[in-house]
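Taking it in order: structure first as structure tokens, then the write-up.
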Amino acid sequence: MRVIPAHLVLADGTTFEGEAAGWSPPGGVTAGEIVFNTVMTGYQEVITDPSYAGQIITFTYPHIGNYGVTGADNESRRPFCRGIVVRRLARRPSNWRATGSLDDFLVEHQIPAITGIDTRRLTRHLRERGAMPAVFGTAPLDELQAAAAAATGTDGMDFVREVTTEAAFTVPAADGAGGADGTRRRRVVAYDYGIKSSILTELSRIAEVEVVPADTPAAEVLARQPDGVFLSNGPGDPAALDWAVQDVRDLVDKVPIFGICLGHQLLGTALGGTTFKLRFGHHGGNQPILRRDTGAVEIASHNHNYALDPASLPGVEITHVNLNDQTVGGVRDRDRWCFGVQYHPEAGPGPHDPRYLFGLFADLMDDFSARDEAPPIESAEHGSDG
Amino acid sequence: MGRREDLDTILVIGSGPIVIGQACEFDYSGTQACRVLREEGYRVVLANSNPATIMTDPEFADATYIEPLDAEVIERIIARERPDALLPTLGGQTALNLAMELVAAGVLDRYGVELIGANAEAIATAEDRQRFKEAMIEIGLSVPVSATAHTLEEAMGLLDDVGLPVIIRPAYILGGRGTGIAATVDQFRELAGLGLDASPISEILIERSIAGWKEFELEVMRDKADNCVVVCSIENVDPMGVHTGDSITVAPAQTLSDVEYQAMRDASFACMRRVGVETGGSNVQFALNPANGDMVVIEMNPRVSRSSALASKATGFPIAKIAARLAVGYTLDEITNDITRATPASFEPVIDYVVTKVPRWAFEKFPGTTGVLGTQMQSVGEVMAIGRTFAESVQKAMRSLEQGRFGLNTDPGEAVWDALDDDALLARIAVPTDTRLFGVEAALRRGLSVEQVHEWTRIDPWFLDEIQLLGLERADLAQIGLDAMERADWRRTKQLGFSDAQLAWLWSVDEEQVRVAREAAGVFPTYKTVDTCAAEFAAETPYYYSTWEDEDEVPAATRPRIIILGSGPNRIGQGIEFDYCCVHACFALDAAGFDTVMVNCNPETVSTDYDTSSRLYFEPLTPEDVRNVIVAEQRSGDLVGVIVALGGQTPLKLSGILPPELVLGTSAAAIDSAEDRELWNALCARLEIPQPAGGVAATIDEALAVTRRVGYPVLVRPSYVLGGRAMQIVYEEAGLRSAMQELTLAGSLGREGGLSAERPVLIDRFLEDATEVDVDAIRDAGGEVLIGGIMEHVEEAGVHSGDSACVLPPVHLSAETLAVLERYTAELATALDVKGLINVQYAVKAGQVFVLEANPRASRTVPFVAKATGVPLAKVAARVMAGASLATLRAEGVLKPPVRGGHVAVKEAVLPFSRFPGADAVLGPEMRSTGEVMGIDATFGLAFAKSQLAAGTRLPSKGTVFMSLADRDKQMGVEAARRFVALGLEVVATDGTAHALRDAGVPVRQVIAKLGEPGTNAVQLIATGQIDLVFNSPRGHGARADGGHIREAATLHRVPLLTTGAAGVAAAAGMADWAEHRLSVRSLQELHAAPAPDDQLALPL
């Protein structure tokens, strides 16, 4: 059977033999920060998750593409990752939902792939040495090695501007997404740092969602008089997003806020915290999260390389903890009407266990609007005027 | 939260004998549970009737009762031990049913015993099919259209509502017994009747068939805080319509999108919550319409199951162990993941390989069966294989089966498929059978399209496409040829799972040439770790599988290491007994300072628990795979040797490929001289040990020459087989000719036991009416011989030793005979230079002892002897093989003197005839039992009666005995009948038997007509419940007239059946002692600790 030889070279020089698949980039070289994801289903959702902008995704599960692709499983308008690394790409998909093969999808969206890789060796390497820049392709090995040595990672990189929406748009509330009184519709403004469509689906179950570009000023958001503000997931290093943190800081205490993943990190930073980079991050659908107020454990989808440093967050409640490594899973500041989680309650892909968090957001918005004091938004605006 | 402090003693119920649908996976789960509960500081009381299990070793519980799994018996145990709780979820359907019986009888309430793991309400909701369906509908899940019936009339009335085709499932059964699909009204009437009979509560579920839908299973765990996790998803390659135990299955699910998978996951949790399984593991089965994704719930098991054993081995997540901890109060997040030792058990395993399970069937042992698979499970064992891809794992699985296949075709066995034309081939693969996947490969290889094959088989196109790759690769390989193979070609080929043997066959060269060329190209296997987490965390547990990648993960070792080769898939003749021996070797050698390395491919076993050995290689037991493991282990440090003598025939057959210096214990040459007829005869002649006259033959002419010399009847048997495969007693020339023909055919197909010039058949004069005796002994390198046990068979010679009941100590043999048996055994062991175990079989006729055969290896009876005498034979043997002397082991306390007196132990075989309605339920020289039970008590009669009860036959204390005996059994029959009458039973008999009985003065109430004669016949009496015991021995040989139908009726209607004169006498003795004595139970610990004085030896019959 004919194959096109290709190589994968990591920034530290480690080399893997494989075969080219997907799109063929000009020059035969693709570069990005290489990470691994352990999901056994949901490759399309992962590939189309904008949080992977700038990254090469290694799938630890060896068979990828088995059930094909379908438009319904896209998490964004297109993939933003730099490439994918797999052990074996399905020749022929089989599933009633499939409208095409993953290989064709990759070609269509100009995503290169390399197959036949000992992905377990690669994963073990990344586990020990940490996520790092890498290149792969059909170019001569010496060219790839040179490119790998020169490749940059995601540290300090701002990919949000690449993936965010150009213009605001509205996602209508789903049927039955009424307010607490059964008639009033909640309205949420969602910052799009790279928002996944699963999040929009979940938010639309509780509110009408106005999605705004990542650089929308806080004042403009408040002017929309939302019941709550949502801070989305997104790619890259939160430390490179001072401009975004500034807006979040301006929103805190003025409106209920819920952040997921990057949104959670930005919220934490706005609350005074700092982030740090994990060695190889959490990328998968099987991680245990302890919900501290009930003691329950939820299995949750994860996709992040950075995390909040709990020591940097005095006065902020750590509501959820990742039981694998005790990193921060969720934070809340009751007094300031905001909370966030590091992981992905919207699933897409992954377990549905933490979906209740969207309900908590709805409750928070309702509680906020039902406060005995003066309506929150006005008082907040009054405060800032003063 | 944590451990419950209000419990002290916990009763664990095992699953009893190995039967189809309930095999040693429950030894695995039960052993894990017992270990965990004792680790947690609880006092564990165990009840299980199966002596071959690890769990019934006295060291795994505080009180071990090898007693019948019967409510009355368990109540006695509860009364003695007063447990605080009963854990019923780790002993299969048997334990669950028994627990429900105890609840219903008020026993648990009366003694204040709490059910832990699952409560009675939850068990009833999951097990009662109607309640289950209602519960599922209540939580919004779909179920197949169905109705429940308790009588045939009711069933017929419901048929219109449900609509044909329908599937019929009896309630409270295991392994789908009595289940079937009916497409016509006539089929429906027949199957509904069978189903009602099979259900202990006479209830069947009739549901619309969804044959052809995709089938999935999720293994789910839940703790008392309501945390739920999915441990593993499993996809059946065979679509709905084939019992999941008979399906080729793959983990994880391959063709589900995340959207579908998560919906299934949510549904499985909802199901478990609604059913009310508070803690532990459950298995939820789903069917999915491949056309539109419609999902229905098929069933759920509120307990650890066969699939959970598979899921545990497939992922490294020890479900039973965790279920036991959850049952005593822990939550998932309080338990550490054994494998990472850094992360909690409250996570979902992810794997980075593909696991394929393939069942192993035994249709060849049951003439009259068709090999067609359906909703009733028929397989007797299974293999599991791990590869990085489906193609690799399915090929490894096929060669793990040990049925002469080198992989998924590319071997001599494919010829039968390739000989068919396209239409015939498609027609054949449209029907699910034990070999269908080979036909599927053949069809795709010849160019039939994936669509076409899917149309005929309903196997998902993804699997078909991956299988098609094999044919494409093979075409390339044939073109490239051995000499032109480059490194990349080798890697690609090996990554698709092709074995060196397949390639050698393809290129018509020796396997060794392939190996040499491959290694010259620099292509070697790599071993990867099973770690529950796809390498995200470092694994502490060395559980490996081979694949052909860049990186090998086997670390260097420090202690000297011994490899123990396991016994492969369970099959009739080679089952859990050998796993027991291997596991004991691991324990004993570990304690003696060795690292133990286990190689095996059977997911049901304790030996493939990563906790059992220092290192586990989950690998096929083929020459190539085993050599590779040896190389890997030699590379990683000091390899002392390989133990081949404990895993049955499987490892023994591999001893030839090992360097002689690596074989620990008896040498391969000595093993050969026991197996090679000429050497063996010479040996016996030299030692002056009498043998039945006999000879060897590779052709029919040679066979005729032997029989001319020795006379008929003769016993014909292939060499190098276990379980009497293809063994026959032949009474005349025609029989001899047909036996030889069958063996020649098997040889040409490369099947087990097949005749070839290298493996001729053995032909011996058959000694009629002799008593058969088994002796297990151990000899050390210094020459001391330890007689482990002498067992007298209850059935006469001619019934395979594995199917015969046997008693220890013997009850009919004189002290002189026993002395002769011991002397011969010691002489043979010495002459063969045995270092380790030897099993010798004898026939005793009129006081003279003939040796039948000797096997210098572990035998099936080793665990039974160990349980009966308290001597850990397998441990002792393992140490002896590693160089220790018996004297050393005595000094260390490993070898203790046997417990003598005070009790008699009877081992009884358990036969699967009710699974194979077409096969005759008669015992013969070919072994057909799947498992065994032990009865232990003060007298032979009591022990025998207990063994019968344990095997599922409650001997009647009143009622009517039907007798119809062959002439040779009439003398014993009279003796038995006299006792039946004395006990107050009535006897009815067929004409000839009635005559014999009346002549001997035994009253016969009624003479029963033969089939086809006017008057009520036995089959009608049995079917209408008028007979309480059937005592029927076959006339002559091969004839299946009257007797066959009578035995079939008895099997079908579950009337106790005796088929030999000796069994009749033993049963009568048992019934007599049973009538006089109160049922009593004693734990092994008591029996082993306090031997009664010698004068209390077994009472004579």
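In the structure tokens, chains take letters A, B, ... by order of appearance, with residues numbered from 1 within each chain and ligands from 1 in the order shown.
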Give one line per residue of chain A that approaches chain B to at most 7 Å, naming the two atoms of the closest pair and their distance in Å to one decimal, counting only C-alpha atoms; sort by chain then ascending residue number and deliver it as JSON lines.
```
{"residue": "A:Met1", "atom": "CA", "partner": "B:Glu473", "partner_atom": "CA", "distance": 6.7}
{"residue": "A:Thr38", "atom": "CA", "partner": "B:Ala534", "partner_atom": "CA", "distance": 6.6}
{"residue": "A:Met40", "atom": "CA", "partner": "B:Val350", "partner_atom": "CA", "distance": 6.9}
{"residue": "A:Thr41", "atom": "CA", "partner": "B:Asp258", "partner_atom": "CA", "distance": 4.9}
{"residue": "A:Gly42", "atom": "CA", "partner": "B:Asp258", "partner_atom": "CA", "distance": 4.7}
{"residue": "A:Thr60", "atom": "CA", "partner": "B:Asp352", "partner_atom": "CA", "distance": 5.6}
{"residue": "A:Tyr61", "atom": "CA", "partner": "B:Asp352", "partner_atom": "CA", "distance": 4.6}
{"residue": "A:Pro62", "atom": "CA", "partner": "B:Asp352", "partner_atom": "CA", "distance": 5.9}
{"residue": "A:His63", "atom": "CA", "partner": "B:Thr389", "partner_atom": "CA", "distance": 6.9}
{"residue": "A:Asn66", "atom": "CA", "partner": "B:Thr255", "partner_atom": "CA", "distance": 5.9}
{"residue": "A:Tyr67", "atom": "CA", "partner": "B:Thr255", "partner_atom": "CA", "distance": 5.3}
{"residue": "A:Arg92", "atom": "CA", "partner": "B:Trp462", "partner_atom": "CA", "distance": 6.4}
{"residue": "A:Pro93", "atom": "CA", "partner": "B:Trp462", "partner_atom": "CA", "distance": 6.3}
{"residue": "A:Ser94", "atom": "CA", "partner": "B:Trp462", "partner_atom": "CA", "distance": 5.5}
{"residue": "A:Asn95", "atom": "CA", "partner": "B:Thr255", "partner_atom": "CA", "distance": 6.5}
{"residue": "A:Trp96", "atom": "CA", "partner": "B:Ala291", "partner_atom": "CA", "distance": 5.8}
{"residue": "A:Asp118", "atom": "CA", "partner": "B:Glu549", "partner_atom": "CA", "distance": 5.8}
{"residue": "A:Arg120", "atom": "CA", "partner": "B:Ala535", "partner_atom": "CA", "distance": 6.6}
{"residue": "A:Arg121", "atom": "CA", "partner": "B:Glu551", "partner_atom": "CA", "distance": 6.0}
{"residue": "A:Thr123", "atom": "CA", "partner": "B:Ala535", "partner_atom": "CA", "distance": 6.4}
{"residue": "A:Arg124", "atom": "CA", "partner": "B:Ala535", "partner_atom": "CA", "distance": 5.8}
{"residue": "A:Arg127", "atom": "CA", "partner": "B:Glu536", "partner_atom": "CA", "distance": 6.4}
{"residue": "A:Asn286", "atom": "CA", "partner": "B:Glu348", "partner_atom": "CA", "distance": 5.0}
{"residue": "A:Gln287", "atom": "CA", "partner": "B:Phe347", "partner_atom": "CA", "distance": 5.8}
{"residue": "A:Pro288", "atom": "CA", "partner": "B:Phe347", "partner_atom": "CA", "distance": 5.2}
{"residue": "A:Ala296", "atom": "CA", "partner": "B:Asn227", "partner_atom": "CA", "distance": 6.4}
{"residue": "A:Val297", "atom": "CA", "partner": "B:Asn227", "partner_atom": "CA", "distance": 5.9}
{"residue": "A:Ile299", "atom": "CA", "partner": "B:Phe347", "partner_atom": "CA", "distance": 6.4}
{"residue": "A:Leu323", "atom": "CA", "partner": "B:Pro344", "partner_atom": "CA", "distance": 6.9}
{"residue": "A:Asn324", "atom": "CA", "partner": "B:Thr343", "partner_atom": "CA", "distance": 4.9}
{"residue": "A:Pro349", "atom": "CA", "partner": "B:Asp258", "partner_atom": "CA", "distance": 6.1}
{"residue": "A:Gly350", "atom": "CA", "partner": "B:Gln262", "partner_atom": "CA", "distance": 6.9}
{"residue": "A:Pro351", "atom": "CA", "partner": "B:Gln262", "partner_atom": "CA", "distance": 6.1}
```
Okay, now the selection with N, CA and C atoms, as a short mmCIF file (atom, residue, chain, number, x, y, z; two decimals), in the first residue's frame?
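See result13.cif below for the written result:
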```cif
data_model
loop_
_atom_site.label_atom_id
_atom_site.label_comp_id
_atom_site.auth_asym_id
_atom_site.auth_seq_id
_atom_site.Cartn_x
_atom_site.Cartn_y
_atom_site.Cartn_z
N MET A 1 0.84 -1.19 0.00
CA MET A 1 0.00 0.00 0.00
C MET A 1 0.88 1.25 0.00
N THR A 38 -6.44 12.92 25.25
CA THR A 38 -6.70 11.50 25.51
C THR A 38 -8.13 11.07 25.20
N MET A 40 -11.29 9.39 23.55
CA MET A 40 -11.42 8.25 22.65
C MET A 40 -12.53 8.48 21.63
N THR A 41 -13.40 9.45 21.91
CA THR A 41 -14.39 9.89 20.92
C THR A 41 -14.38 11.42 20.93
N GLY A 42 -14.79 12.02 19.83
CA GLY A 42 -14.91 13.48 19.81
C GLY A 42 -13.76 14.19 19.12
N THR A 60 -4.09 10.39 21.56
CA THR A 60 -3.50 9.18 22.14
C THR A 60 -4.29 7.95 21.72
N TYR A 61 -5.58 8.09 21.42
CA TYR A 61 -6.33 6.93 20.97
C TYR A 61 -5.90 6.63 19.53
N PRO A 62 -5.53 5.38 19.25
CA PRO A 62 -4.87 5.13 17.95
C PRO A 62 -5.75 5.20 16.71
N HIS A 63 -7.05 4.90 16.84
CA HIS A 63 -7.91 4.95 15.66
C HIS A 63 -8.68 6.27 15.66
N ASN A 66 -12.92 7.15 12.73
CA ASN A 66 -13.77 5.97 12.52
C ASN A 66 -15.20 6.31 12.12
N TYR A 67 -15.76 7.33 12.75
CA TYR A 67 -17.17 7.61 12.50
C TYR A 67 -17.36 8.85 11.62
N ARG A 92 -12.15 4.50 6.00
CA ARG A 92 -13.54 4.53 5.62
C ARG A 92 -14.38 4.76 6.87
N PRO A 93 -15.06 5.89 6.96
CA PRO A 93 -15.85 6.13 8.16
C PRO A 93 -17.15 5.33 8.12
N SER A 94 -17.68 5.08 9.29
CA SER A 94 -18.96 4.38 9.34
C SER A 94 -19.81 4.91 10.47
N ASN A 95 -20.82 5.63 10.14
CA ASN A 95 -21.79 6.09 11.12
C ASN A 95 -22.91 6.79 10.36
N TRP A 96 -24.11 6.58 10.83
CA TRP A 96 -25.25 7.19 10.13
C TRP A 96 -25.20 8.71 10.15
N ASP A 118 4.18 6.56 16.56
CA ASP A 118 4.10 5.90 17.87
C ASP A 118 3.64 6.98 18.86
N ARG A 120 2.14 6.84 21.54
CA ARG A 120 2.37 6.58 22.96
C ARG A 120 3.77 7.04 23.37
N ARG A 121 4.73 6.76 22.51
CA ARG A 121 6.09 7.24 22.79
C ARG A 121 6.08 8.77 22.85
N THR A 123 3.57 10.74 23.54
CA THR A 123 2.85 11.18 24.73
C THR A 123 3.72 11.07 25.98
N ARG A 124 4.42 9.93 26.08
CA ARG A 124 5.30 9.75 27.24
C ARG A 124 6.40 10.82 27.25
N ARG A 127 4.84 14.02 28.31
CA ARG A 127 4.53 13.93 29.74
C ARG A 127 5.77 14.26 30.57
N ASN A 286 -11.78 12.81 30.71
CA ASN A 286 -11.94 11.82 31.79
C ASN A 286 -11.45 12.28 33.14
N GLN A 287 -11.26 13.59 33.32
CA GLN A 287 -10.60 14.02 34.55
C GLN A 287 -11.61 14.24 35.68
N PRO A 288 -11.22 13.82 36.89
CA PRO A 288 -12.12 13.95 38.04
C PRO A 288 -12.02 15.33 38.69
N ALA A 296 -19.26 15.89 45.78
CA ALA A 296 -19.47 15.03 44.61
C ALA A 296 -18.29 15.14 43.66
N VAL A 297 -18.09 14.09 42.93
CA VAL A 297 -17.02 14.08 41.92
C VAL A 297 -17.66 14.06 40.55
N ILE A 299 -16.94 13.90 36.34
CA ILE A 299 -15.95 13.61 35.31
C ILE A 299 -16.14 14.67 34.24
N LEU A 323 -8.84 16.42 40.93
CA LEU A 323 -8.32 15.43 41.87
C LEU A 323 -7.05 14.75 41.38
N ASN A 324 -6.77 14.83 40.10
CA ASN A 324 -5.54 14.19 39.62
C ASN A 324 -4.31 14.91 40.13
N PRO A 349 -16.13 17.72 23.05
CA PRO A 349 -16.66 16.42 23.46
C PRO A 349 -16.48 16.22 24.96
N GLY A 350 -17.13 15.19 25.44
CA GLY A 350 -16.91 14.81 26.83
C GLY A 350 -18.18 14.61 27.61
N PRO A 351 -18.01 14.27 28.88
CA PRO A 351 -19.16 13.94 29.74
C PRO A 351 -20.02 15.16 30.06
#
```
inquiry  = Please identify the strand (DSSP E or B) residues within segment 220-465 of chain B (assignment by DSSP from backbone atoms) and present them as a PyMOL selection string.
reply    = chain B and resi 220-222+228-236+249-251+280-288+295-301+336+344+350+354-360+367+369+372+381-387+433
Could you write those residues out with C-alpha atoms, as a short mmCIF file (atom, residue, chain, number, x, y, z; two decimals), in the first residue's frame?
```
data_model
loop_
_atom_site.label_atom_id
_atom_site.label_comp_id
_atom_site.auth_asym_id
_atom_site.auth_seq_id
_atom_site.Cartn_x
_atom_site.Cartn_y
_atom_site.Cartn_z
CA VAL B 220 -20.39 1.42 35.02
CA MET B 221 -19.48 1.98 38.67
CA ARG B 222 -21.34 3.94 41.27
CA CYS B 228 -20.73 7.39 38.60
CA VAL B 229 -18.01 6.50 36.15
CA VAL B 230 -17.85 4.47 32.98
CA VAL B 231 -14.90 2.10 33.19
CA CYS B 232 -15.05 0.83 29.65
CA SER B 233 -17.20 0.78 26.56
CA ILE B 234 -17.41 -2.39 24.54
CA GLU B 235 -18.66 -2.78 20.99
CA ASN B 236 -19.76 -6.13 19.63
CA THR B 249 -16.18 -7.81 21.07
CA VAL B 250 -13.87 -4.84 20.96
CA ALA B 251 -12.98 -2.22 23.54
CA GLY B 280 -20.44 -1.31 42.84
CA GLY B 281 -20.25 -2.24 39.22
CA SER B 282 -22.97 -2.87 36.70
CA ASN B 283 -23.10 -3.69 33.06
CA VAL B 284 -25.64 -2.01 30.80
CA GLN B 285 -26.26 -3.30 27.30
CA PHE B 286 -27.57 -1.18 24.46
CA ALA B 287 -28.65 -1.75 20.90
CA LEU B 288 -28.33 0.99 18.32
CA MET B 295 -31.00 3.49 20.99
CA VAL B 296 -32.68 0.91 23.19
CA VAL B 297 -31.62 -0.55 26.52
CA ILE B 298 -31.38 -4.32 26.35
CA GLU B 299 -30.53 -5.29 29.89
CA MET B 300 -28.41 -4.49 32.88
CA ASN B 301 -26.58 -6.72 35.32
CA THR B 336 -6.34 5.29 44.80
CA PRO B 344 -7.93 8.59 42.44
CA VAL B 350 -8.77 5.94 28.64
CA VAL B 354 -7.57 -1.83 20.96
CA VAL B 355 -8.73 -4.89 22.82
CA THR B 356 -10.41 -7.76 21.03
CA LYS B 357 -12.13 -10.63 22.79
CA VAL B 358 -12.89 -13.79 20.87
CA PRO B 359 -14.88 -16.62 22.45
CA ARG B 360 -13.72 -20.19 22.21
CA PRO B 367 -21.76 -34.11 17.87
CA THR B 369 -24.67 -29.38 17.52
CA VAL B 372 -24.68 -21.69 14.80
CA GLY B 381 -13.89 -19.77 27.17
CA GLU B 382 -12.40 -16.71 25.60
CA VAL B 383 -9.19 -15.01 24.67
CA MET B 384 -8.35 -11.35 24.75
CA ALA B 385 -5.66 -9.69 22.70
CA ILE B 386 -4.26 -6.19 22.85
CA GLY B 387 -2.86 -4.37 19.86
CA THR B 433 -21.08 -19.26 13.56
#
```
Computed gap from atom CA of Asp500 of chain B to atom CA of Phe406 of chain B is 8.6 Å
- For Thr279 of chain B, work out the shell of residues within 8 Å, counting only C-alpha atoms and skipping chain neighbours fewer than 3 positions away, then give it as a list in words. Gly117, Ala118, Met221, Arg222, Asp223, Lys224, Ala323, Leu326 and Ala327 of chain B
Keeping only N, CA and C atoms, write the selected residues to a file as a PDB file, in the first residue's frame.
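Once written, result03.pdb looks like this:
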```pdb
ATOM      1  N   GLY B 117     -23.746  -4.055  48.523  1.00  0.00           N
ATOM      2  CA  GLY B 117     -23.441  -4.099  47.091  1.00  0.00           C
ATOM      3  C   GLY B 117     -24.677  -3.824  46.262  1.00  0.00           C
ATOM      4  N   ALA B 118     -25.697  -4.608  46.467  1.00  0.00           N
ATOM      5  CA  ALA B 118     -26.978  -4.338  45.799  1.00  0.00           C
ATOM      6  C   ALA B 118     -28.071  -4.846  46.722  1.00  0.00           C
ATOM      7  N   MET B 221     -19.604   2.128  37.216  1.00  0.00           N
ATOM      8  CA  MET B 221     -19.476   1.981  38.666  1.00  0.00           C
ATOM      9  C   MET B 221     -20.144   3.169  39.344  1.00  0.00           C
ATOM     10  N   ARG B 222     -20.679   2.876  40.528  1.00  0.00           N
ATOM     11  CA  ARG B 222     -21.343   3.939  41.274  1.00  0.00           C
ATOM     12  C   ARG B 222     -20.974   3.787  42.743  1.00  0.00           C
ATOM     13  N   ASP B 223     -20.793   4.910  43.421  1.00  0.00           N
ATOM     14  CA  ASP B 223     -20.533   4.817  44.861  1.00  0.00           C
ATOM     15  C   ASP B 223     -21.699   5.402  45.637  1.00  0.00           C
ATOM     16  N   LYS B 224     -21.626   5.295  46.968  1.00  0.00           N
ATOM     17  CA  LYS B 224     -22.779   5.668  47.779  1.00  0.00           C
ATOM     18  C   LYS B 224     -23.040   7.177  47.755  1.00  0.00           C
ATOM     19  N   ALA B 323     -15.283  -2.458  43.537  1.00  0.00           N
ATOM     20  CA  ALA B 323     -16.671  -2.723  43.934  1.00  0.00           C
ATOM     21  C   ALA B 323     -16.716  -3.196  45.388  1.00  0.00           C
ATOM     22  N   LEU B 326     -16.224  -0.211  47.586  1.00  0.00           N
ATOM     23  CA  LEU B 326     -17.413   0.645  47.591  1.00  0.00           C
ATOM     24  C   LEU B 326     -18.501   0.030  48.468  1.00  0.00           C
ATOM     25  N   ALA B 327     -18.584  -1.295  48.433  1.00  0.00           N
ATOM     26  CA  ALA B 327     -19.637  -1.977  49.195  1.00  0.00           C
ATOM     27  C   ALA B 327     -19.464  -1.795  50.700  1.00  0.00           C
TER      28      ALA B 327
END
```
Extract, using only C-alpha atoms, all DNA, RNA and protein residues at most 9 Å from Asn1032 of chain B, discarding same-chain residues fewer than 3 positions from it, and format them as a PDB file with C-alpha atoms, in the first residue's frame.
```
ATOM      1  CA  PHE B 962     -37.031 -44.699  36.483  1.00  0.00           C
ATOM      2  CA  MET B 963     -34.436 -47.317  35.539  1.00  0.00           C
ATOM      3  CA  SER B 964     -33.344 -48.535  32.140  1.00  0.00           C
ATOM      4  CA  LEU B 965     -29.936 -50.132  32.123  1.00  0.00           C
ATOM      5  CA  ALA B 966     -27.502 -51.785  29.787  1.00  0.00           C
ATOM      6  CA  GLY B1043     -31.592 -43.951  25.847  1.00  0.00           C
ATOM      7  CA  ILE B1046     -34.693 -40.389  27.735  1.00  0.00           C
ATOM      8  CA  ARG B1047     -31.511 -38.642  28.752  1.00  0.00           C
ATOM      9  CA  LEU B1057     -29.846 -38.206  35.754  1.00  0.00           C
ATOM     10  CA  LEU B1058     -27.447 -41.075  36.479  1.00  0.00           C
ATOM     11  CA  THR B1059     -25.806 -42.742  33.500  1.00  0.00           C
ATOM     12  CA  THR B1060     -23.509 -45.383  34.972  1.00  0.00           C
ATOM     13  CA  GLY B1061     -24.041 -48.272  37.380  1.00  0.00           C
TER      14      GLY B1061
END
```
**Message:** Would you pick out the contacts of segment 401-405 of chain B at 9 Å or less, using only C-alpha atoms, so that residues sharing its chain but fewer than 4 positions from it are not included, and give the list as a list in words?
**Reply:** Val358, Pro359, Arg360, Glu382, Val383, Lys396, Ala397, Asn409, Thr410, Asp411, Pro412, Gly413, Glu414, Gln502, Gly568, Pro569, Cys601, Pro620, Leu621, Thr622, Thr650, Leu749, Gly750, Arg751 and Glu752 of chain B
One decimal place gives the atom CA of Val242 of chain B-atom CA of Glu154 of chain B separation as 26.5 Å
Would you list the contacts of Asp774 of chain B as a PyMOL selection string, taking every protein, DNA or RNA residue within 9 Å and counting only C-alpha atoms, but skipping same-chain residues closer than 5 positions in sequence?
chain B and resi 789-793+801+806+839-843+861
With only C-alpha atoms as the counted atoms, please give the residues lying no more than 7 Å from Ala938 of chain B, apart from itself and same-chain residues fewer than 2 positions off, as an mmCIF file with N, CA and C atoms, in the first residue's frame.
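To be explicit, this is the file written out as part_26.cif:
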```
data_model
loop_
_atom_site.group_PDB
_atom_site.id
_atom_site.type_symbol
_atom_site.label_atom_id
_atom_site.label_comp_id
_atom_site.auth_asym_id
_atom_site.auth_seq_id
_atom_site.Cartn_x
_atom_site.Cartn_y
_atom_site.Cartn_z
ATOM 1 N N GLY B 902 -11.259 -38.190 59.096
ATOM 2 C CA GLY B 902 -12.223 -37.176 59.494
ATOM 3 C C GLY B 902 -13.150 -36.751 58.393
ATOM 4 N N HIS B 903 -12.688 -36.816 57.152
ATOM 5 C CA HIS B 903 -13.571 -36.395 56.084
ATOM 6 C C HIS B 903 -13.232 -37.092 54.779
ATOM 7 N N VAL B 904 -14.208 -37.126 53.923
ATOM 8 C CA VAL B 904 -14.038 -37.675 52.583
ATOM 9 C C VAL B 904 -14.392 -36.558 51.614
ATOM 10 N N LEU B 942 -22.360 -39.070 52.177
ATOM 11 C CA LEU B 942 -22.700 -37.659 52.406
ATOM 12 C C LEU B 942 -21.920 -36.758 51.453
ATOM 13 N N ALA B 1098 -13.009 -42.699 56.757
ATOM 14 C CA ALA B 1098 -14.286 -42.777 56.045
ATOM 15 C C ALA B 1098 -15.031 -44.077 56.315
#
```
Counting only C-alpha atoms, closest pick from A:Ile199, A:Ala174, A:Val255, A:Leu267 relative to Ala223 of chain A is A:Val255
Check the DSSP output for the backbone and give back, as a PyMOL selection string, the residues of segment 79-283 of chain A in alpha helix (DSSP H).
chain A and resi 102-108+119-129+141-150+160-163+197-204+218-223+242-251+262-270
